[in-house]
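Have a look at work.cif below; it lists mmCIF, C-alpha atoms.
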data_input
#
loop_
_atom_site.label_atom_id
_atom_site.label_comp_id
_atom_site.auth_asym_id
_atom_site.auth_seq_id
_atom_site.Cartn_x
_atom_site.Cartn_y
_atom_site.Cartn_z
CA GLU W 26 -9.30 13.33 -12.33
CA THR W 27 -8.03 10.93 -9.69
CA GLY W 28 -4.52 11.50 -8.39
CA VAL W 29 -2.87 8.30 -9.62
CA THR W 30 -4.12 6.42 -12.67
CA GLN W 31 -3.08 3.02 -13.97
CA THR W 32 -3.69 1.36 -17.31
CA PRO W 33 -4.76 -1.18 -18.20
CA ARG W 34 -6.95 -2.20 -15.26
CA HIS W 35 -6.88 -5.84 -16.35
CA LEU W 36 -4.34 -7.73 -18.44
CA VAL W 37 -4.12 -11.35 -19.53
CA MET W 38 -0.91 -12.44 -21.19
CA GLY W 39 0.89 -15.57 -22.21
CA MET W 40 4.33 -16.44 -20.93
CA THR W 41 5.98 -15.42 -24.21
CA ASN W 42 4.25 -12.05 -24.53
CA LYS W 43 5.71 -8.61 -23.91
CA LYS W 44 3.45 -6.03 -22.33
CA SER W 45 3.74 -2.80 -20.34
CA LEU W 46 1.87 -1.36 -17.39
CA LYS W 47 1.48 2.40 -17.20
CA CYS W 48 1.11 4.67 -14.20
CA GLU W 49 0.53 8.41 -14.20
CA GLN W 50 0.31 10.80 -11.27
CA HIS W 51 -1.20 14.27 -11.33
CA LEU W 52 -0.15 15.31 -7.83
CA GLY W 53 3.22 16.93 -8.47
CA HIS W 54 5.02 14.24 -6.51
CA ASN W 55 8.67 13.39 -7.05
CA ALA W 56 8.70 9.74 -5.95
CA MET W 57 6.93 6.80 -7.56
CA TYR W 58 6.65 3.15 -6.56
CA TRP W 59 5.66 -0.25 -7.93
CA TYR W 60 4.16 -2.83 -5.57
CA LYS W 61 3.05 -6.42 -6.12
CA GLN W 62 0.03 -7.69 -4.21
CA SER W 63 -0.59 -11.44 -4.34
CA ALA W 64 -3.29 -13.42 -2.63
CA LYS W 65 -2.27 -14.41 0.90
CA LYS W 66 1.03 -12.48 0.70
CA PRO W 67 1.92 -9.09 2.13
CA LEU W 68 2.30 -6.08 -0.10
CA GLU W 69 5.73 -6.33 -1.76
CA LEU W 70 7.67 -3.22 -2.73
CA MET W 71 9.30 -3.81 -6.12
CA PHE W 72 10.85 -0.55 -7.27
CA VAL W 73 11.22 3.02 -6.06
CA TYR W 74 12.01 6.04 -8.19
CA SER W 75 12.97 9.42 -6.78
CA LEU W 76 13.32 12.35 -9.16
CA GLU W 77 13.24 9.86 -12.05
CA GLU W 78 16.18 7.90 -10.67
CA ARG W 79 15.77 4.34 -9.43
CA VAL W 80 16.71 4.28 -5.77
CA GLU W 81 15.51 0.82 -4.81
CA ASN W 82 15.14 -2.55 -6.49
CA ASN W 83 13.98 -5.22 -4.08
CA SER W 84 15.56 -8.24 -5.75
CA VAL W 85 12.97 -8.26 -8.48
CA PRO W 86 13.57 -10.72 -11.37
CA SER W 87 14.85 -9.15 -14.57
CA ARG W 88 11.67 -10.14 -16.42
CA PHE W 89 10.25 -7.01 -14.76
CA SER W 90 11.82 -3.84 -16.11
CA PRO W 91 10.77 -0.41 -14.78
CA GLU W 92 11.05 2.87 -16.61
CA CYS W 93 10.49 6.40 -15.31
CA PRO W 94 10.81 8.90 -18.19
CA ASN W 95 9.67 11.86 -16.06
CA SER W 96 8.30 12.52 -12.60
CA SER W 97 4.69 12.01 -13.70
CA HIS W 98 4.99 8.69 -15.50
CA LEU W 99 6.12 5.23 -14.49
CA PHE W 100 6.09 2.07 -16.57
CA LEU W 101 6.60 -1.58 -15.78
CA HIS W 102 7.70 -3.59 -18.82
CA LEU W 103 6.91 -7.29 -18.66
CA HIS W 104 8.42 -10.13 -20.68
CA THR W 105 8.54 -13.91 -20.38
CA LEU W 106 6.53 -13.89 -17.19
CA GLN W 107 5.57 -16.95 -15.16
CA PRO W 108 2.12 -17.93 -13.88
CA GLU W 109 3.25 -17.09 -10.33
CA ASP W 110 3.65 -13.47 -11.47
CA SER W 111 -0.14 -13.21 -11.64
CA ALA W 112 -1.09 -10.54 -9.10
CA LEU W 113 -2.42 -7.03 -8.60
CA TYR W 114 0.28 -4.50 -9.47
CA LEU W 115 -0.09 -1.22 -7.65
CA CYS W 116 1.55 2.07 -8.43
CA ALA W 117 1.94 4.82 -5.84
CA SER W 118 3.45 8.28 -5.61
CA SER W 119 4.51 10.58 -2.80
CA ARG W 120 6.51 13.70 -2.04
CA GLY W 121 9.25 11.30 -0.98
CA ASP W 122 9.94 12.82 2.42
CA LEU W 123 9.84 10.75 5.58
CA GLY W 124 6.33 10.86 6.94
CA ASN W 125 4.62 11.65 3.67
CA GLU W 126 1.83 9.29 2.76
CA GLN W 127 1.78 7.45 -0.52
CA PHE W 128 -1.14 7.83 -2.89
CA PHE W 129 -2.10 4.65 -4.72
CA GLY W 130 -3.58 3.95 -8.09
CA PRO W 131 -6.37 1.37 -8.56
CA GLY W 132 -3.96 -1.30 -9.74
CA THR W 133 -3.60 -3.57 -12.77
CA ARG W 134 -4.89 -7.12 -12.30
CA LEU W 135 -2.42 -9.28 -14.23
CA THR W 136 -3.06 -12.88 -15.18
CA VAL W 137 -0.26 -14.90 -16.78
CA LEU W 138 -1.41 -18.01 -18.60
CA ALA F 25 15.15 -2.81 11.35
CA GLN F 26 11.58 -1.62 11.32
CA SER F 27 8.70 -4.04 10.96
CA VAL F 28 4.93 -4.09 11.32
CA THR F 29 2.80 -6.89 12.75
CA GLN F 30 -0.95 -7.13 12.30
CA LEU F 31 -1.97 -9.93 14.62
CA ASP F 32 -5.39 -10.66 13.13
CA SER F 33 -5.66 -11.71 9.52
CA GLN F 34 -9.48 -11.68 9.63
CA VAL F 35 -11.95 -9.91 11.91
CA PRO F 36 -15.66 -10.68 11.56
CA VAL F 37 -18.05 -8.29 13.29
CA PHE F 38 -21.73 -7.45 13.25
CA GLU F 39 -23.02 -4.15 11.95
CA GLU F 40 -23.11 -1.32 14.52
CA ALA F 41 -20.69 -3.17 16.80
CA PRO F 42 -17.35 -1.61 17.79
CA VAL F 43 -14.15 -2.91 16.25
CA GLU F 44 -10.44 -2.74 16.98
CA LEU F 45 -7.78 -3.78 14.48
CA ARG F 46 -4.42 -4.34 16.08
CA CYS F 47 -1.04 -3.17 14.84
CA ASN F 48 2.34 -3.43 16.52
CA TYR F 49 5.58 -2.10 15.16
CA SER F 50 9.25 -2.43 15.93
CA SER F 51 11.62 0.44 15.42
CA SER F 52 14.71 1.84 17.10
CA VAL F 53 13.98 5.37 15.94
CA SER F 54 11.07 7.76 15.90
CA VAL F 55 8.30 6.48 13.69
CA TYR F 56 5.57 7.76 11.51
CA LEU F 57 2.58 5.43 11.33
CA PHE F 58 -0.25 5.00 8.87
CA TRP F 59 -3.45 3.05 8.36
CA TYR F 60 -4.66 2.37 4.83
CA VAL F 61 -7.89 0.75 3.64
CA GLN F 62 -8.35 -1.29 0.46
CA TYR F 63 -11.85 -1.90 -0.84
CA PRO F 64 -12.37 -4.79 -3.28
CA ASN F 65 -10.75 -4.24 -6.67
CA GLN F 66 -9.28 -0.90 -5.65
CA GLY F 67 -5.95 0.54 -4.58
CA LEU F 68 -5.05 1.58 -1.05
CA GLN F 69 -6.54 4.73 0.46
CA LEU F 70 -5.15 6.58 3.47
CA LEU F 71 -7.38 6.41 6.55
CA LEU F 72 -5.17 8.31 8.99
CA LYS F 73 -1.59 8.92 10.00
CA TYR F 74 0.45 9.73 13.10
CA LEU F 75 3.48 11.99 12.73
CA SER F 76 3.71 13.75 16.11
CA GLY F 77 1.60 15.53 18.70
CA SER F 78 -1.61 14.08 20.09
CA THR F 79 -1.46 10.32 20.36
CA LEU F 80 -5.11 9.98 19.37
CA VAL F 81 -5.49 10.44 15.65
CA LYS F 82 -8.82 10.82 13.89
CA GLY F 83 -9.25 9.77 10.30
CA ILE F 84 -11.89 9.44 7.63
CA ASN F 85 -15.09 7.39 7.87
CA GLY F 86 -15.21 7.65 11.68
CA PHE F 87 -12.01 5.71 12.31
CA GLU F 88 -9.41 6.67 14.90
CA ALA F 89 -6.13 5.22 16.11
CA GLU F 90 -4.04 5.63 19.22
CA PHE F 91 -0.27 5.72 19.20
CA ASN F 92 1.18 3.99 22.25
CA LYS F 93 4.94 4.33 22.38
CA SER F 94 5.47 2.13 25.44
CA GLN F 95 3.53 -0.74 23.88
CA THR F 96 4.76 0.05 20.34
CA SER F 97 1.19 -0.16 19.10
CA PHE F 98 -1.06 1.79 16.78
CA HIS F 99 -4.46 0.11 16.99
CA LEU F 100 -7.32 1.23 14.77
CA ARG F 101 -10.81 1.61 16.22
CA LYS F 102 -14.32 2.47 15.20
CA PRO F 103 -17.18 2.65 17.73
CA SER F 104 -19.87 1.45 15.29
CA VAL F 105 -19.14 -0.21 11.96
CA HIS F 106 -21.21 -0.27 8.79
CA ILE F 107 -21.51 -2.87 6.07
CA SER F 108 -19.57 -0.49 3.84
CA ASP F 109 -16.53 -0.79 6.14
CA THR F 110 -15.96 -4.31 4.83
CA ALA F 111 -12.45 -4.09 3.37
CA GLU F 112 -8.83 -4.96 4.05
CA TYR F 113 -6.91 -2.68 6.39
CA PHE F 114 -3.14 -2.20 6.32
CA CYS F 115 -0.91 -0.68 8.98
CA ALA F 116 2.37 0.84 7.79
CA VAL F 117 5.48 2.50 9.22
CA SER F 118 7.58 5.05 7.38
CA VAL F 119 11.28 4.27 7.06
CA PHE F 120 14.12 6.30 5.69
CA ARG F 121 16.31 4.67 3.04
CA GLY F 122 19.00 6.84 1.54
CA SER F 123 17.25 10.04 0.59
CA GLN F 124 13.84 8.45 0.32
CA GLY F 125 10.99 7.83 2.70
CA ASN F 126 9.41 4.40 2.11
CA LEU F 127 6.62 2.49 3.78
CA ILE F 128 6.75 -0.96 5.35
CA PHE F 129 3.33 -2.57 5.41
CA GLY F 130 1.81 -5.21 7.65
CA LYS F 131 0.14 -8.27 6.14
CA GLY F 132 -3.30 -6.71 6.39
CA THR F 133 -6.50 -7.46 8.32
CA LYS F 134 -9.69 -8.32 6.48
CA LEU F 135 -12.67 -6.76 8.22
CA SER F 136 -15.96 -8.43 7.44
CA VAL F 137 -19.07 -6.61 8.65
CA LYS F 138 -22.21 -8.75 8.78
CA PRO F 139 -25.83 -7.56 9.02
#
structure tokens encoding of this file:
Amino acid sequence: ETGVTQTPRHLVMGMTNKKSLKCEQHLGHNAMYWYKQSAKKPLELMFVYSLEERVENNSVPSRFSPECPNSSHLFLHLHTLQPEDSALYLCASSRGDLGNEQFFGPGTRLTVL
Amino acid sequence: AQSVTQLDSQVPVFEEAPVELRCNYSSSVSVYLFWYVQYPNQGLQLLLKYLSGSTLVKGINGFEAEFNKSQTSFHLRKPSVHISDTAEYFCAVSVFRGSQGNLIFGKGTKLSVKP
């Protein structure tokens, strides 16, 4: 079992659809992260959760809504997305302390039509 | 504020040749530095990290990096690359925000190893 899993691996949705991305970590970490990775853009941190509480929201549009029901699970709810939201969405987890590396999932490749 | 600069967006190299991927950072405090690798259609995987101690850090797959405080650099090196090293490499610095340690990533360097 890999440390951080993400489902689905690929998702195609229309601009009026509602979908959710799921992330699960099996490492006993207490911090979880959502990143957006677009072509020709640096990795963008979207949200950070520590002990199930959101501690950072990097000016992400409200059409992205995160949820962290417990320390092992993280969701990203999507609604009324735009084509420019097409990207690879990466989830990561860590122990949360300074100097601790983050462990990444394989990502969800999202295409918005 | 901390930041990370990867000067080369693409580095082509022939198989078995040495390679160096450059990373410079800016920070007014002590830093923790990381190199991650991303293979096609995969997430990021940790190659190595510097927290303290010896400035030469050895990682997986034969990679190493040297922390140079005076030059604020953390360049990644490998003496002989393989085709399988073709991937994108990200340098990152750990920052403290509130009670949480986060990472700031560079823009990445695409390493292309040719036969």
For the atom pair atom CA of Gly132 of chain W and atom CA of Pro33 of chain W, what is the interatomic distance in Å to one decimal place?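 The value is 8.5 Å.
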Nearest to chain F among W:Leu36, W:Leu103, W:Val29, W:Leu46, with distances taken over only C-alpha atoms: which residue is it?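 Distance minimum relative to chain F lands on W:Val29.
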Determine the residue membership of the PyMOL selection byres ((chain F) within 12 of (chain W)) for the file above and supply it as a PyMOL selection string. chain F and resi 28-30+33-34+54-76+112-134
Can you report as JSON the centre and edge lengths in Å, to one decimal, of an axis-aligned box around the listed atoms of segment 51-63 of chain F padded with 6 Å on each side?
{"center_x": 1.4, "center_y": 2.9, "center_z": 8.1, "size_x": 38.6, "size_y": 21.7, "size_z": 29.9}
How many Å lie between atom CA of Thr105 of chain W and atom CA of Gln31 of chain W, rounded to one decimal?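 These two atoms are separated by 21.5 Å.
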Please write the residues picked by the PyMOL selection byres ((chain F and resi 110) around 7) on this file as a PyMOL selection string. chain F and resi 107-109+111+135-137
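Here atom CA of Pro108 of chain W is placed at a distance of 8.7 Å from atom CA of Gly39 of chain W.
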Report as a PyMOL selection string all protein, DNA and RNA residues lying within 8 Å of His102 of chain W, evaluated on only C-alpha atoms, omitting residues in the same chain fewer than 6 positions from it. chain W and resi 43-46+89-92
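The residue that comes closest to Leu99 of chain W, out of W:Ala64, W:Thr41, W:Gly53, W:Glu77 and on the basis of all atoms listed in the file, is W:Glu77.
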Counting all atoms listed in the file, which residues have an atom no more than 10 Å from (-22.3, -7.6, 12.6) in the file's coordinates? Please list them as a PyMOL selection string. chain F and resi 36-42+104-107+136-139
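What the PyMOL selection byres ((chain F and resi 88) around 10) matches in the given file is Glu44, Trp59, Leu71, Leu72, Lys73, Leu80, Val81, Lys82, Gly83, Ile84, Asn85, Gly86, Phe87, Ala89, Glu90, Phe98, His99, Leu100, Arg101, Lys102 and Pro103 of chain F.
Distances from F:Val43, F:Thr79, F:Lys93, F:Tyr49 to Ser27 of chain F were compared using all atoms listed in the file, and the smallest one belongs to F:Tyr49.
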Neighbour list for Met40 of chain W as an NGL selection string, cut-off 7 Å, all atoms listed in the file, skip fewer than 3 positions in-chain: :W and (105-107 or 137-138)
Of W:Ser118, W:Ala112, W:Phe100, W:Leu76, the one nearest to Thr32 of chain W when counting all atoms listed in the file is W:Phe100
Would you save segment 82-122 of chain F to a file, keeping N, CA and C atoms, as a CSV table (one decimal), in the first residue's frame?
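What ended up in decode36.csv:
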chain,number,residue,atom,x,y,z
F,82,LYS,N,23.7,13.0,0.6
F,82,LYS,CA,23.5,11.9,-0.4
F,82,LYS,C,22.1,11.4,-0.4
F,83,GLY,N,21.5,11.2,-1.6
F,83,GLY,CA,20.1,10.8,-1.7
F,83,GLY,C,20.0,9.5,-2.4
F,84,ILE,N,18.8,9.2,-2.9
F,84,ILE,CA,18.5,8.0,-3.6
F,84,ILE,C,19.0,8.1,-5.1
F,85,ASN,N,19.1,7.0,-5.7
F,85,ASN,CA,19.4,6.9,-7.2
F,85,ASN,C,20.8,7.5,-7.5
F,86,GLY,N,21.7,7.6,-6.6
F,86,GLY,CA,23.0,8.1,-6.8
F,86,GLY,C,23.2,9.6,-6.9
F,87,PHE,N,22.1,10.3,-6.5
F,87,PHE,CA,22.2,11.8,-6.5
F,87,PHE,C,22.7,12.3,-5.2
F,88,GLU,N,23.4,13.5,-5.3
F,88,GLU,CA,23.8,14.2,-4.1
F,88,GLU,C,23.7,15.7,-4.3
F,89,ALA,N,23.7,16.4,-3.2
F,89,ALA,CA,23.6,17.8,-3.2
F,89,ALA,C,24.5,18.5,-2.2
F,90,GLU,N,24.9,19.7,-2.5
F,90,GLU,CA,25.8,20.4,-1.5
F,90,GLU,C,25.2,21.7,-1.1
F,91,PHE,N,25.0,21.8,0.2
F,91,PHE,CA,24.5,23.1,0.8
F,91,PHE,C,25.7,24.1,0.9
F,92,ASN,N,25.5,25.2,0.3
F,92,ASN,CA,26.5,26.3,0.4
F,92,ASN,C,25.8,27.5,0.9
F,93,LYS,N,26.1,27.8,2.2
F,93,LYS,CA,25.4,28.9,2.9
F,93,LYS,C,25.8,30.2,2.3
F,94,SER,N,27.1,30.4,2.0
F,94,SER,CA,27.6,31.7,1.6
F,94,SER,C,27.1,32.0,0.2
F,95,GLN,N,26.9,31.0,-0.6
F,95,GLN,CA,26.3,31.3,-2.0
F,95,GLN,C,24.8,31.0,-2.0
F,96,THR,N,24.2,30.7,-0.9
F,96,THR,CA,22.8,30.4,-0.8
F,96,THR,C,22.4,29.4,-1.9
F,97,SER,N,23.1,28.3,-2.1
F,97,SER,CA,22.8,27.4,-3.1
F,97,SER,C,22.7,26.0,-2.6
F,98,PHE,N,22.0,25.2,-3.3
F,98,PHE,CA,21.8,23.7,-3.0
F,98,PHE,C,21.7,23.0,-4.3
F,99,HIS,N,22.8,22.9,-5.0
F,99,HIS,CA,22.8,22.3,-6.3
F,99,HIS,C,22.8,20.8,-6.2
F,100,LEU,N,22.1,20.2,-7.2
F,100,LEU,CA,22.0,18.7,-7.2
F,100,LEU,C,22.9,18.1,-8.3
F,101,ARG,N,23.6,17.0,-8.0
F,101,ARG,CA,24.6,16.5,-8.9
F,101,ARG,C,24.4,15.0,-9.0
F,102,LYS,N,24.9,14.5,-10.2
F,102,LYS,CA,25.0,13.0,-10.3
F,102,LYS,C,26.2,12.8,-11.3
F,103,PRO,N,27.1,11.9,-10.9
F,103,PRO,CA,28.3,11.8,-11.7
F,103,PRO,C,28.1,11.1,-13.1
F,104,SER,N,27.0,10.3,-13.2
F,104,SER,CA,26.8,9.5,-14.4
F,104,SER,C,25.3,9.2,-14.5
F,105,VAL,N,24.6,9.9,-15.4
F,105,VAL,CA,23.1,9.7,-15.5
F,105,VAL,C,22.7,8.6,-16.4
F,106,HIS,N,21.5,8.1,-16.1
F,106,HIS,CA,20.9,7.0,-16.9
F,106,HIS,C,19.7,7.6,-17.6
F,107,ILE,N,19.3,6.8,-18.6
F,107,ILE,CA,18.0,7.2,-19.3
F,107,ILE,C,16.9,7.3,-18.3
F,108,SER,N,16.9,6.5,-17.3
F,108,SER,CA,15.8,6.4,-16.4
F,108,SER,C,15.7,7.7,-15.5
F,109,ASP,N,16.8,8.5,-15.5
F,109,ASP,CA,16.8,9.7,-14.7
F,109,ASP,C,16.0,10.8,-15.4
F,110,THR,N,15.5,10.6,-16.6
F,110,THR,CA,14.7,11.6,-17.3
F,110,THR,C,13.5,11.9,-16.5
F,111,ALA,N,13.3,13.1,-16.0
F,111,ALA,CA,12.2,13.5,-15.1
F,111,ALA,C,12.3,15.0,-14.9
F,112,GLU,N,11.4,15.5,-14.1
F,112,GLU,CA,11.5,16.9,-13.7
F,112,GLU,C,11.9,16.9,-12.2
F,113,TYR,N,12.8,17.9,-11.9
F,113,TYR,CA,13.4,17.9,-10.6
F,113,TYR,C,13.0,19.3,-9.9
F,114,PHE,N,12.6,19.2,-8.7
F,114,PHE,CA,12.1,20.4,-8.0
F,114,PHE,C,13.0,20.6,-6.7
F,115,CYS,N,13.4,21.8,-6.5
F,115,CYS,CA,14.1,22.2,-5.3
F,115,CYS,C,13.1,22.9,-4.4
F,116,ALA,N,13.2,22.7,-3.1
F,116,ALA,CA,12.2,23.3,-2.2
F,116,ALA,C,12.9,23.7,-0.9
F,117,VAL,N,12.3,24.8,-0.3
F,117,VAL,CA,12.8,25.2,1.0
F,117,VAL,C,11.6,25.2,2.0
F,118,SER,N,11.9,24.8,3.2
F,118,SER,CA,10.8,24.6,4.2
F,118,SER,C,10.7,26.0,4.9
F,119,VAL,N,9.4,26.4,5.1
F,119,VAL,CA,9.1,27.7,5.8
F,119,VAL,C,8.1,27.4,6.9
F,120,PHE,N,8.1,28.3,7.9
F,120,PHE,CA,7.3,28.1,9.0
F,120,PHE,C,6.2,29.1,8.9
F,121,ARG,N,4.9,28.6,8.9
F,121,ARG,CA,3.8,29.6,8.8
F,121,ARG,C,2.8,29.2,9.9
F,122,GLY,N,2.7,30.1,10.9
F,122,GLY,CA,1.9,29.8,12.1
F,122,GLY,C,2.5,28.6,12.8
